[in-house]
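Working notes, beginning with the structure itself.
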Amino acid sequence: MKILHTFILICAGLMLAFVAASAHTHTLSGGVFAPDKSKIVGATVRVLNTMLGAKSDKRGEFRIMHIPDGKHVLQVSCIGYETQQIDLEVKHTDPSNIVLPKIEMQESITQMKDVVVTATRSEKVYEDVPVKVSVLSNKIFENTASVTLKEGLNFQPGLRVETNCQNCGFSQVRLNGLEGQYSQILIDGKAIYSALNGVYGLDQIPTNMIERVEVIRGGGSSLYGGNAIAGVINIITKTPSSNFFSASTTQSFTDMSAPENVVQMNGAIVNDEQNLGIHLFGSSIFRKEWDANDDGFTELGRLNVKTIGANMFYKPSYLSKISLEYHTLYHEIRGGDSLKLQPHQSNITETTKHITNVLQLQYEQYINGTDDKFAIYASHQNTKRDSYYGSNRDLGAYGHTGNQSWAIGTQFNHVQNDLAGIHILTLGYEYNNDQMDDLAPAYNRTISQEVFTNGIYLQDDWEIAKFLDFVFGARFDKHNLVEDWVISPRANILYKPIPDLSLRACYSTGFRAPQAFDEDLHITQVGGEGMVIQLSDDLKAEHSKSFSFSADYVLHICELPIGLSLEYFNTKLSDAFVLTDVGKDASGNIIMMRENGGEGTVQGGTFEMEIIPTNTINLKLGGTLQSSLYRDEVVWSDGDPENGIAAQSSDQIMRTPNCYGFFTLNYFASKRLSLSLSGIYTGKMYVPHYAGGINESGEINQFDKLERSKAFMELNAKISYKVPFDPGFEIYIGMQNILNQFQDDFDRGIGRDAAYVYGPGRPRTIFCGIKFEG
């Protein structure tokens, strides 16, 4: 608490020191429109180097107050349109209310013209950023009927969400084929998404609290510290910009039978002075369990998630801003059999109950008369988990986990304009702390772990010319579980030889410390026993080096512009973490040891294509081709030497297809009627299949096998209609996984391998709902 008190005192002191009182200010208003004169809703209008800004409303209009006398640059941005910058000079003699001429935005062939922050820890338009960034907007979540983060992440190249347990639905996101522990998930740029949150966290974050998600593939430790080997996923939450209210309810039926209900609400209030606002959000998800093969054991567990929170701001002056975000969630999931009984009365149960509270506080200040900016922040997360991972009516399989994490830091950006171009110099310090106590007595497992790092990062974003930009930077981390300082450098270059072509090259690094990760806190039931992950006593840090080259090009065919993006990536792992089957303990539990396994290489290419032939149709598709191999084979099954069954090993990084992709197609038939189609392709992959379960032929699987799964094409559709008497009232209906492409060889019975699961996350599901916005 002393840290929090000190932080609040610093914020208060800075606020008093930097408040700039203006003797005379103005109100700026205007409208934002498309080339066909239609209004643009949700365009961001900002006065650069200040905290002043607004979003265009349903009429396409905006209003910004407290603009001081002087020269300013007005930036107007919106996904799907070219970002504009308008020079503006406000004189003392100008009227208090200034009305701008209508702002007409030009359509962009790509949806990636908005401002991004994750690539360089500063706000820049994507086309001027030397780092390849992918953005998932709230529109993608809406068009694909995604109600949680888990469902929406598949619609970007190099990203794939997979389910890892039949019983409880434990899932993770893979970046460029690497497991979830290789990715750093941020909330508003802060590393407070802990290992415990990672077990079920993708189901816990509702899309109605998300403004957008920014994704960087490749090592990101140079800015964001450890665990960013595969890349960074930054969840940017919604902030209030104008008064509004929205509510929706969606009813769906998994396999046309098991019901799921989702209720979401959002609202925002901003005062007349535009210096104080709050955004409130709430979400409730309840899903009934579902059994795919009528063996009495679930393939989708019973799910109950409730989230409520608020995002607030206060602007002491036009140069400063205080932000506060808080949300709390309740998450309960249960899978297995006999769900009406107590967990220890069933044959198999995997169940958890989470209560999580997250609090974030940040103060930002532009230095008067300059482009420089200072920020200081503190974030805290606290999670309590009660769990049962057990089989055969085991009374001792109950467990409890307590976890809290801190992220405290400060950052300063300085703009230097007179040194061979424009330099944006960034210097920052960040302290991260994660404390976890996990007790699972049935498996003789107790994890009491405190992980903390002190990190210093620096960066030079050097714009030599409009067509050439370099980024050089490094981060220096002292991790309490790593003896020496970890230095993570990176270098990026952006070159635009012609207006329609952007070339990027990147070298980056990453590391993972020898600590417990999300899957270590989950115990999968295999053959009627638990599969427990333990850390080797001599486990040491894992490191990576990543190279990538990309090209963004606008191709014109018969006057039809086509946005095309190609990328090659190569990530080399040294001292890679691997899971080795080392046999069973005295209780018969399978022990998987996390060890250093030499080197590994993940390499391949991604592509994205975007076509907008008319203002009523847009098509986007992307895919990934890759290979994921260890240099030396890893033992994934120790066999049964006493009965002459040899151990099995492979150089494959498991559960990683060599080919996967997506598409989205939106057709706006009228102002009221729209149709959205989307698809996810998952190629063949290698999946370990352990003995003990009953197969589809009714026979017990006698041996461990390395299976090669089939490929899947998941097709989804949604139709939306805005009713005539109220344009804010919308009804929709749709179907997910229309072709019912779903795994059909699940294990059966108490001895099943619950980790033998792959492919789409749900079978054919129909849904309908209503939404109101006002």
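Naming works like this for the structure tokens: A, B, ... for the chains as they're shown, residue 1 at the start of each chain, ligands 1 onward in shown order.
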**Residues flagged strand (DSSP E or B) by DSSP in stretch 84-201 of chain A, as a ChimeraX atom specification** = /A:84-90,97-99,103-104,107,115-116,124-125,134-137,148,159-163,171-175,178,183-187,190
Against stretch 238-246 of chain A, which residues of stretch 166-228 of chain A fall within 12 Å? For each one I want the closest pair of atoms and the distance in Å (one decimal), counting only C-alpha atoms, rows by chain and increasing residue number, as a Markdown table.
```
| residue | atom | partner | partner_atom | distance |
| --- | --- | --- | --- | --- |
| A:Ile187 | CA | A:Lys238 | CA | 11.2 |
| A:Asp188 | CA | A:Lys238 | CA | 9.7 |
| A:Pro206 | CA | A:Lys238 | CA | 11.7 |
| A:Thr207 | CA | A:Lys238 | CA | 10.0 |
| A:Asn208 | CA | A:Lys238 | CA | 8.3 |
| A:Met209 | CA | A:Lys238 | CA | 5.8 |
| A:Ile210 | CA | A:Lys238 | CA | 5.5 |
| A:Glu211 | CA | A:Lys238 | CA | 4.6 |
| A:Arg212 | CA | A:Lys238 | CA | 8.1 |
| A:Val213 | CA | A:Lys238 | CA | 10.9 |
```
Could those residues be written to a file, using N, CA and C atoms, as a compact mmCIF listing (two decimals), in the first residue's frame?
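Result went into part_20.txt, see below:
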```
# COMPACT_ATOMS: atom_id res chain seq x y z
N ILE A 187 -2.98 -5.49 -20.71
CA ILE A 187 -4.24 -4.75 -20.62
C ILE A 187 -3.88 -3.27 -20.56
N ASP A 188 -4.24 -2.55 -21.62
CA ASP A 188 -3.88 -1.13 -21.75
C ASP A 188 -2.38 -0.93 -21.62
N PRO A 206 -14.85 -10.07 -21.76
CA PRO A 206 -15.92 -9.86 -22.75
C PRO A 206 -15.52 -8.80 -23.76
N THR A 207 -16.01 -8.94 -24.97
CA THR A 207 -15.63 -8.01 -26.04
C THR A 207 -16.23 -6.63 -25.85
N ASN A 208 -17.28 -6.50 -25.04
CA ASN A 208 -17.89 -5.17 -24.90
C ASN A 208 -17.06 -4.23 -24.05
N MET A 209 -15.98 -4.72 -23.40
CA MET A 209 -15.08 -3.82 -22.68
C MET A 209 -13.85 -3.47 -23.53
N ILE A 210 -13.77 -4.02 -24.76
CA ILE A 210 -12.58 -3.86 -25.59
C ILE A 210 -12.83 -2.82 -26.69
N GLU A 211 -11.94 -1.85 -26.80
CA GLU A 211 -11.96 -0.91 -27.91
C GLU A 211 -11.30 -1.53 -29.14
N ARG A 212 -10.15 -2.14 -28.94
CA ARG A 212 -9.45 -2.84 -30.02
C ARG A 212 -8.35 -3.69 -29.39
N VAL A 213 -7.80 -4.59 -30.19
CA VAL A 213 -6.67 -5.42 -29.77
C VAL A 213 -5.56 -5.23 -30.78
```
Would you give me, as a Markdown table, each residue of stretch 107-154 of chain A having an atom within 12 Å of an atom of stretch 255-268 of chain A, along with its shortest atom pair and that distance in Å to one decimal, using only C-alpha atoms and sorting by chain and residue number?
```
| residue | atom | partner | partner_atom | distance |
| --- | --- | --- | --- | --- |
| A:Ala145 | CA | A:Val262 | CA | 11.1 |
| A:Ser146 | CA | A:Val262 | CA | 10.8 |
| A:Val147 | CA | A:Val262 | CA | 7.7 |
| A:Thr148 | CA | A:Val262 | CA | 10.1 |
```
**Test item: residues at most 6 Å from A:His543, only C-alpha atoms, excluding those fewer than 2 positions along its chain, as a VMD selection string** = chain A and resid 510 to 511 573 to 574
I need the residues from that last selection saved to file as a CSV table (one decimal), in the first residue's frame (with all heavy atoms), if you can.
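Once everything was written out, this is part-v4.csv:
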```
chain,number,residue,atom,x,y,z
A,510,GLY,N,13.6,-11.9,-27.2
A,510,GLY,CA,12.7,-12.2,-26.1
A,510,GLY,C,13.3,-13.2,-25.2
A,510,GLY,O,14.3,-13.9,-25.4
A,511,PHE,N,12.7,-13.3,-24.0
A,511,PHE,CA,13.1,-14.3,-23.0
A,511,PHE,C,12.0,-14.7,-22.1
A,511,PHE,O,11.0,-14.0,-22.0
A,511,PHE,CB,14.3,-13.7,-22.2
A,511,PHE,CG,13.9,-12.8,-21.1
A,511,PHE,CD1,13.7,-13.3,-19.8
A,511,PHE,CD2,13.6,-11.5,-21.3
A,511,PHE,CE1,13.3,-12.4,-18.7
A,511,PHE,CE2,13.3,-10.6,-20.3
A,511,PHE,CZ,13.1,-11.1,-19.0
A,573,LEU,N,14.7,-20.4,-31.0
A,573,LEU,CA,14.7,-20.6,-29.6
A,573,LEU,C,16.0,-21.2,-29.1
A,573,LEU,O,16.5,-22.2,-29.7
A,573,LEU,CB,13.5,-21.4,-29.1
A,573,LEU,CG,12.1,-21.0,-29.6
A,573,LEU,CD1,11.1,-22.1,-29.3
A,573,LEU,CD2,11.7,-19.7,-29.1
A,574,SER,N,16.6,-20.7,-28.0
A,574,SER,CA,17.7,-21.4,-27.4
A,574,SER,C,17.3,-21.7,-25.9
A,574,SER,O,16.6,-21.0,-25.3
A,574,SER,CB,18.9,-20.5,-27.4
A,574,SER,OG,18.7,-19.3,-26.8
```
**Message:** Between atom CA of A:Gly180 and atom CA of A:Thr144, what is the distance in Å, rounded to a tenth?
**Reply:**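 These atoms are spaced 22.7 Å apart.
With only C-alpha atoms as the atoms that count, the minimum distance from A:Ile229 to the choices A:Gln381, A:Gln515, A:Asn589, A:Gln184 is reached by A:Gln184.
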**Asked** Could you name the residues that touch stretch 318-329 of chain A at 6 Å or less, counting only C-alpha atoms, but leaving out those on the same chain fewer than 5 positions away, as a list in words?
**Response**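 These residues fall inside the cut-off: Thr50, Met51, Leu52, Lys306, Thr307, Ile308, Gly309, Ala310, Asn311, Met312, Phe313, Ile355, Thr356, Asn357, Val358, Leu359, Gln360, Leu361, Gln362, Tyr363, Glu364, Gln365 and Tyr366 of chain A.
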Residues from last step as file, N, CA, C and O atoms, as an mmCIF file, in the first residue's frame:
```
data_model
loop_
_atom_site.group_PDB
_atom_site.id
_atom_site.type_symbol
_atom_site.label_atom_id
_atom_site.label_comp_id
_atom_site.auth_asym_id
_atom_site.auth_seq_id
_atom_site.Cartn_x
_atom_site.Cartn_y
_atom_site.Cartn_z
ATOM 1 N N THR A 50 -1.996 17.383 -27.067
ATOM 2 C CA THR A 50 -2.861 17.780 -25.955
ATOM 3 C C THR A 50 -3.727 16.576 -25.594
ATOM 4 O O THR A 50 -3.692 15.538 -26.259
ATOM 5 N N MET A 51 -4.511 16.720 -24.531
ATOM 6 C CA MET A 51 -5.460 15.683 -24.145
ATOM 7 C C MET A 51 -6.850 15.938 -24.718
ATOM 8 O O MET A 51 -7.812 15.270 -24.335
ATOM 9 N N LEU A 52 -6.959 16.896 -25.612
ATOM 10 C CA LEU A 52 -8.260 17.293 -26.149
ATOM 11 C C LEU A 52 -8.623 16.416 -27.339
ATOM 12 O O LEU A 52 -7.797 16.154 -28.212
ATOM 13 N N LYS A 306 -19.402 -13.514 -15.066
ATOM 14 C CA LYS A 306 -20.023 -12.206 -14.849
ATOM 15 C C LYS A 306 -18.922 -11.166 -14.688
ATOM 16 O O LYS A 306 -17.989 -11.361 -13.896
ATOM 17 N N THR A 307 -19.038 -10.066 -15.413
ATOM 18 C CA THR A 307 -18.034 -9.003 -15.381
ATOM 19 C C THR A 307 -18.731 -7.664 -15.247
ATOM 20 O O THR A 307 -19.764 -7.426 -15.877
ATOM 21 N N ILE A 308 -18.165 -6.786 -14.436
ATOM 22 C CA ILE A 308 -18.666 -5.416 -14.321
ATOM 23 C C ILE A 308 -17.466 -4.509 -14.087
ATOM 24 O O ILE A 308 -16.489 -4.903 -13.438
ATOM 25 N N GLY A 309 -17.505 -3.318 -14.660
ATOM 26 C CA GLY A 309 -16.362 -2.436 -14.500
ATOM 27 C C GLY A 309 -16.635 -1.035 -14.986
ATOM 28 O O GLY A 309 -17.722 -0.712 -15.489
ATOM 29 N N ALA A 310 -15.623 -0.182 -14.838
ATOM 30 C CA ALA A 310 -15.735 1.220 -15.238
ATOM 31 C C ALA A 310 -14.374 1.725 -15.671
ATOM 32 O O ALA A 310 -13.333 1.295 -15.158
ATOM 33 N N ASN A 311 -14.398 2.646 -16.624
ATOM 34 C CA ASN A 311 -13.195 3.320 -17.102
ATOM 35 C C ASN A 311 -13.468 4.820 -17.024
ATOM 36 O O ASN A 311 -14.401 5.324 -17.662
ATOM 37 N N MET A 312 -12.668 5.536 -16.229
ATOM 38 C CA MET A 312 -12.941 6.947 -15.955
ATOM 39 C C MET A 312 -11.744 7.824 -16.321
ATOM 40 O O MET A 312 -10.612 7.339 -16.346
ATOM 41 N N PHE A 313 -12.023 9.094 -16.595
ATOM 42 C CA PHE A 313 -10.929 10.042 -16.805
ATOM 43 C C PHE A 313 -11.296 11.393 -16.198
ATOM 44 O O PHE A 313 -12.470 11.747 -16.063
ATOM 45 N N ILE A 355 -12.463 -15.312 -8.665
ATOM 46 C CA ILE A 355 -12.890 -13.933 -8.428
ATOM 47 C C ILE A 355 -11.664 -13.056 -8.654
ATOM 48 O O ILE A 355 -10.648 -13.203 -7.971
ATOM 49 N N THR A 356 -11.760 -12.156 -9.631
ATOM 50 C CA THR A 356 -10.620 -11.325 -10.018
ATOM 51 C C THR A 356 -11.002 -9.856 -9.922
ATOM 52 O O THR A 356 -12.097 -9.462 -10.349
ATOM 53 N N ASN A 357 -10.095 -9.064 -9.383
ATOM 54 C CA ASN A 357 -10.259 -7.613 -9.336
ATOM 55 C C ASN A 357 -9.026 -6.968 -9.966
ATOM 56 O O ASN A 357 -7.889 -7.331 -9.641
ATOM 57 N N VAL A 358 -9.267 -6.017 -10.869
ATOM 58 C CA VAL A 358 -8.183 -5.319 -11.560
ATOM 59 C C VAL A 358 -8.391 -3.823 -11.386
ATOM 60 O O VAL A 358 -9.498 -3.302 -11.621
ATOM 61 N N LEU A 359 -7.334 -3.115 -10.986
ATOM 62 C CA LEU A 359 -7.377 -1.661 -10.806
ATOM 63 C C LEU A 359 -6.172 -1.050 -11.506
ATOM 64 O O LEU A 359 -5.035 -1.493 -11.306
ATOM 65 N N GLN A 360 -6.419 -0.024 -12.336
ATOM 66 C CA GLN A 360 -5.344 0.662 -13.033
ATOM 67 C C GLN A 360 -5.504 2.177 -12.862
ATOM 68 O O GLN A 360 -6.612 2.711 -12.996
ATOM 69 N N LEU A 361 -4.384 2.856 -12.590
ATOM 70 C CA LEU A 361 -4.372 4.302 -12.420
ATOM 71 C C LEU A 361 -3.206 4.873 -13.215
ATOM 72 O O LEU A 361 -2.091 4.348 -13.151
ATOM 73 N N GLN A 362 -3.477 5.934 -13.975
ATOM 74 C CA GLN A 362 -2.428 6.516 -14.816
ATOM 75 C C GLN A 362 -2.572 8.035 -14.876
ATOM 76 O O GLN A 362 -3.679 8.566 -14.931
ATOM 77 N N TYR A 363 -1.430 8.711 -14.861
ATOM 78 C CA TYR A 363 -1.390 10.162 -15.046
ATOM 79 C C TYR A 363 -0.505 10.469 -16.248
ATOM 80 O O TYR A 363 0.618 9.975 -16.357
ATOM 81 N N GLU A 364 -1.033 11.302 -17.186
ATOM 82 C CA GLU A 364 -0.301 11.689 -18.389
ATOM 83 C C GLU A 364 -0.229 13.207 -18.466
ATOM 84 O O GLU A 364 -1.209 13.897 -18.147
ATOM 85 N N GLN A 365 0.906 13.711 -18.939
ATOM 86 C CA GLN A 365 1.110 15.163 -18.987
ATOM 87 C C GLN A 365 1.954 15.536 -20.203
ATOM 88 O O GLN A 365 3.057 15.032 -20.378
ATOM 89 N N TYR A 366 1.398 16.377 -21.072
ATOM 90 C CA TYR A 366 2.205 17.003 -22.124
ATOM 91 C C TYR A 366 2.913 18.215 -21.528
ATOM 92 O O TYR A 366 2.345 18.943 -20.705
#
```
**Request:** Please provide as a PyMOL selection string all residues within 12 Å of A:Phe467, with the sequence filter that same-chain residues fewer than 4 positions apart are discarded (counting only C-alpha atoms).
**Result:** chain A and resi 127-130+421+462-463+493-504
Keeping only N, CA and C atoms, write those residues as a PDB file, in the first residue's frame.
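Everything below was put into selection.pdb:
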```pdb
ATOM      1  N   GLU A 127       0.696   3.352 -40.813  1.00  0.00           N
ATOM      2  CA  GLU A 127       1.510   3.394 -42.028  1.00  0.00           C
ATOM      3  C   GLU A 127       2.851   4.099 -41.795  1.00  0.00           C
ATOM      4  N   ASP A 128       3.010   4.786 -40.654  1.00  0.00           N
ATOM      5  CA  ASP A 128       4.276   5.448 -40.328  1.00  0.00           C
ATOM      6  C   ASP A 128       5.064   4.687 -39.265  1.00  0.00           C
ATOM      7  N   VAL A 129       4.622   3.488 -38.903  1.00  0.00           N
ATOM      8  CA  VAL A 129       5.269   2.706 -37.851  1.00  0.00           C
ATOM      9  C   VAL A 129       6.178   1.660 -38.487  1.00  0.00           C
ATOM     10  N   PRO A 130       7.448   1.561 -38.072  1.00  0.00           N
ATOM     11  CA  PRO A 130       8.357   0.574 -38.658  1.00  0.00           C
ATOM     12  C   PRO A 130       8.106  -0.866 -38.202  1.00  0.00           C
ATOM     13  N   GLY A 421      16.653  14.887 -39.018  1.00  0.00           N
ATOM     14  CA  GLY A 421      15.328  14.303 -39.047  1.00  0.00           C
ATOM     15  C   GLY A 421      14.607  14.513 -37.731  1.00  0.00           C
ATOM     16  N   TRP A 462      13.408   7.197 -35.205  1.00  0.00           N
ATOM     17  CA  TRP A 462      14.100   8.209 -36.000  1.00  0.00           C
ATOM     18  C   TRP A 462      13.497   8.270 -37.405  1.00  0.00           C
ATOM     19  N   GLU A 463      12.752   9.341 -37.650  1.00  0.00           N
ATOM     20  CA  GLU A 463      12.190   9.566 -38.988  1.00  0.00           C
ATOM     21  C   GLU A 463      13.157  10.438 -39.778  1.00  0.00           C
ATOM     22  N   ILE A 493      13.135  -1.115 -39.381  1.00  0.00           N
ATOM     23  CA  ILE A 493      13.265  -0.128 -40.451  1.00  0.00           C
ATOM     24  C   ILE A 493      11.992  -0.135 -41.287  1.00  0.00           C
ATOM     25  N   LEU A 494      11.552   1.046 -41.668  1.00  0.00           N
ATOM     26  CA  LEU A 494      10.422   1.234 -42.587  1.00  0.00           C
ATOM     27  C   LEU A 494      10.906   2.041 -43.778  1.00  0.00           C
ATOM     28  N   TYR A 495      10.673   1.491 -44.970  1.00  0.00           N
ATOM     29  CA  TYR A 495      11.073   2.166 -46.202  1.00  0.00           C
ATOM     30  C   TYR A 495       9.890   2.151 -47.158  1.00  0.00           C
ATOM     31  N   LYS A 496       9.527   3.358 -47.652  1.00  0.00           N
ATOM     32  CA  LYS A 496       8.410   3.491 -48.587  1.00  0.00           C
ATOM     33  C   LYS A 496       8.939   4.036 -49.917  1.00  0.00           C
ATOM     34  N   PRO A 497       9.360   3.135 -50.819  1.00  0.00           N
ATOM     35  CA  PRO A 497       9.935   3.597 -52.088  1.00  0.00           C
ATOM     36  C   PRO A 497       8.935   4.320 -52.977  1.00  0.00           C
ATOM     37  N   ILE A 498       7.672   3.919 -52.891  1.00  0.00           N
ATOM     38  CA  ILE A 498       6.583   4.579 -53.619  1.00  0.00           C
ATOM     39  C   ILE A 498       5.406   4.701 -52.659  1.00  0.00           C
ATOM     40  N   PRO A 499       4.450   5.589 -52.937  1.00  0.00           N
ATOM     41  CA  PRO A 499       3.358   5.811 -51.982  1.00  0.00           C
ATOM     42  C   PRO A 499       2.558   4.561 -51.626  1.00  0.00           C
ATOM     43  N   ASP A 500       2.427   3.608 -52.547  1.00  0.00           N
ATOM     44  CA  ASP A 500       1.578   2.444 -52.297  1.00  0.00           C
ATOM     45  C   ASP A 500       2.337   1.242 -51.752  1.00  0.00           C
ATOM     46  N   LEU A 501       3.624   1.395 -51.456  1.00  0.00           N
ATOM     47  CA  LEU A 501       4.427   0.258 -51.006  1.00  0.00           C
ATOM     48  C   LEU A 501       5.191   0.616 -49.733  1.00  0.00           C
ATOM     49  N   SER A 502       5.029  -0.215 -48.701  1.00  0.00           N
ATOM     50  CA  SER A 502       5.762  -0.049 -47.438  1.00  0.00           C
ATOM     51  C   SER A 502       6.524  -1.330 -47.157  1.00  0.00           C
ATOM     52  N   LEU A 503       7.831  -1.214 -46.968  1.00  0.00           N
ATOM     53  CA  LEU A 503       8.687  -2.354 -46.659  1.00  0.00           C
ATOM     54  C   LEU A 503       9.178  -2.225 -45.222  1.00  0.00           C
ATOM     55  N   ARG A 504       9.109  -3.324 -44.480  1.00  0.00           N
ATOM     56  CA  ARG A 504       9.549  -3.334 -43.090  1.00  0.00           C
ATOM     57  C   ARG A 504      10.481  -4.509 -42.843  1.00  0.00           C
TER      58      ARG A 504
END
```
**Asked** Can you tell me how far atom CA of A:Thr25 sits from atom CA of A:Asp69, in Å to one decimal?
**Response** 6.6 Å
**Message:** If I take atom CA of A:Gly455 and atom CA of A:Val135, how far is one from the other in Å, to one decimal?
**Reply:**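 Separation between atom CA of A:Gly455 and atom CA of A:Val135: 26.6 Å.
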Per residue of stretch 587-673 of chain A within 12 Å of stretch 740-763 of chain A, which atom pair is closest and at what distance in Å (one decimal), using only C-alpha atoms, listed by chain and increasing number, as a tab-separated table?
```
residue	atom	partner	partner_atom	distance
A:Ile590	CA	A:Asp753	CA	11.8
A:Met654	CA	A:Tyr758	CA	11.1
A:Arg655	CA	A:Tyr758	CA	7.8
A:Thr656	CA	A:Tyr758	CA	10.2
A:Pro657	CA	A:Gly759	CA	10.1
A:Tyr660	CA	A:Gly759	CA	11.0
```
**Message:** Please list as a list in words every residue within 8 Å of A:Lys545, counting only C-alpha atoms and excluding residues in the same chain fewer than 2 positions away.
**Reply:**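 The residues that qualify are Gly219, Tyr507, Ser508, Thr509, Gly510, His543, Phe547, Thr571, Lys572 and Leu573 of chain A.
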**Request:** Go through A:Trp485, A:Phe729, A:Tyr330, A:Phe607 and flag the residue nearest A:Ser284, using only C-alpha atoms for the distances.
**Result:**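 Counting only C-alpha atoms, the residue closest to A:Ser284 is A:Tyr330.
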**Shortest interatomic distance to A:Val47 - which of A:Ser77, A:Ser587, A:Ser674, A:Asn293, counting only C-alpha atoms** =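 Closest to A:Val47 of all the choices is A:Ser77.
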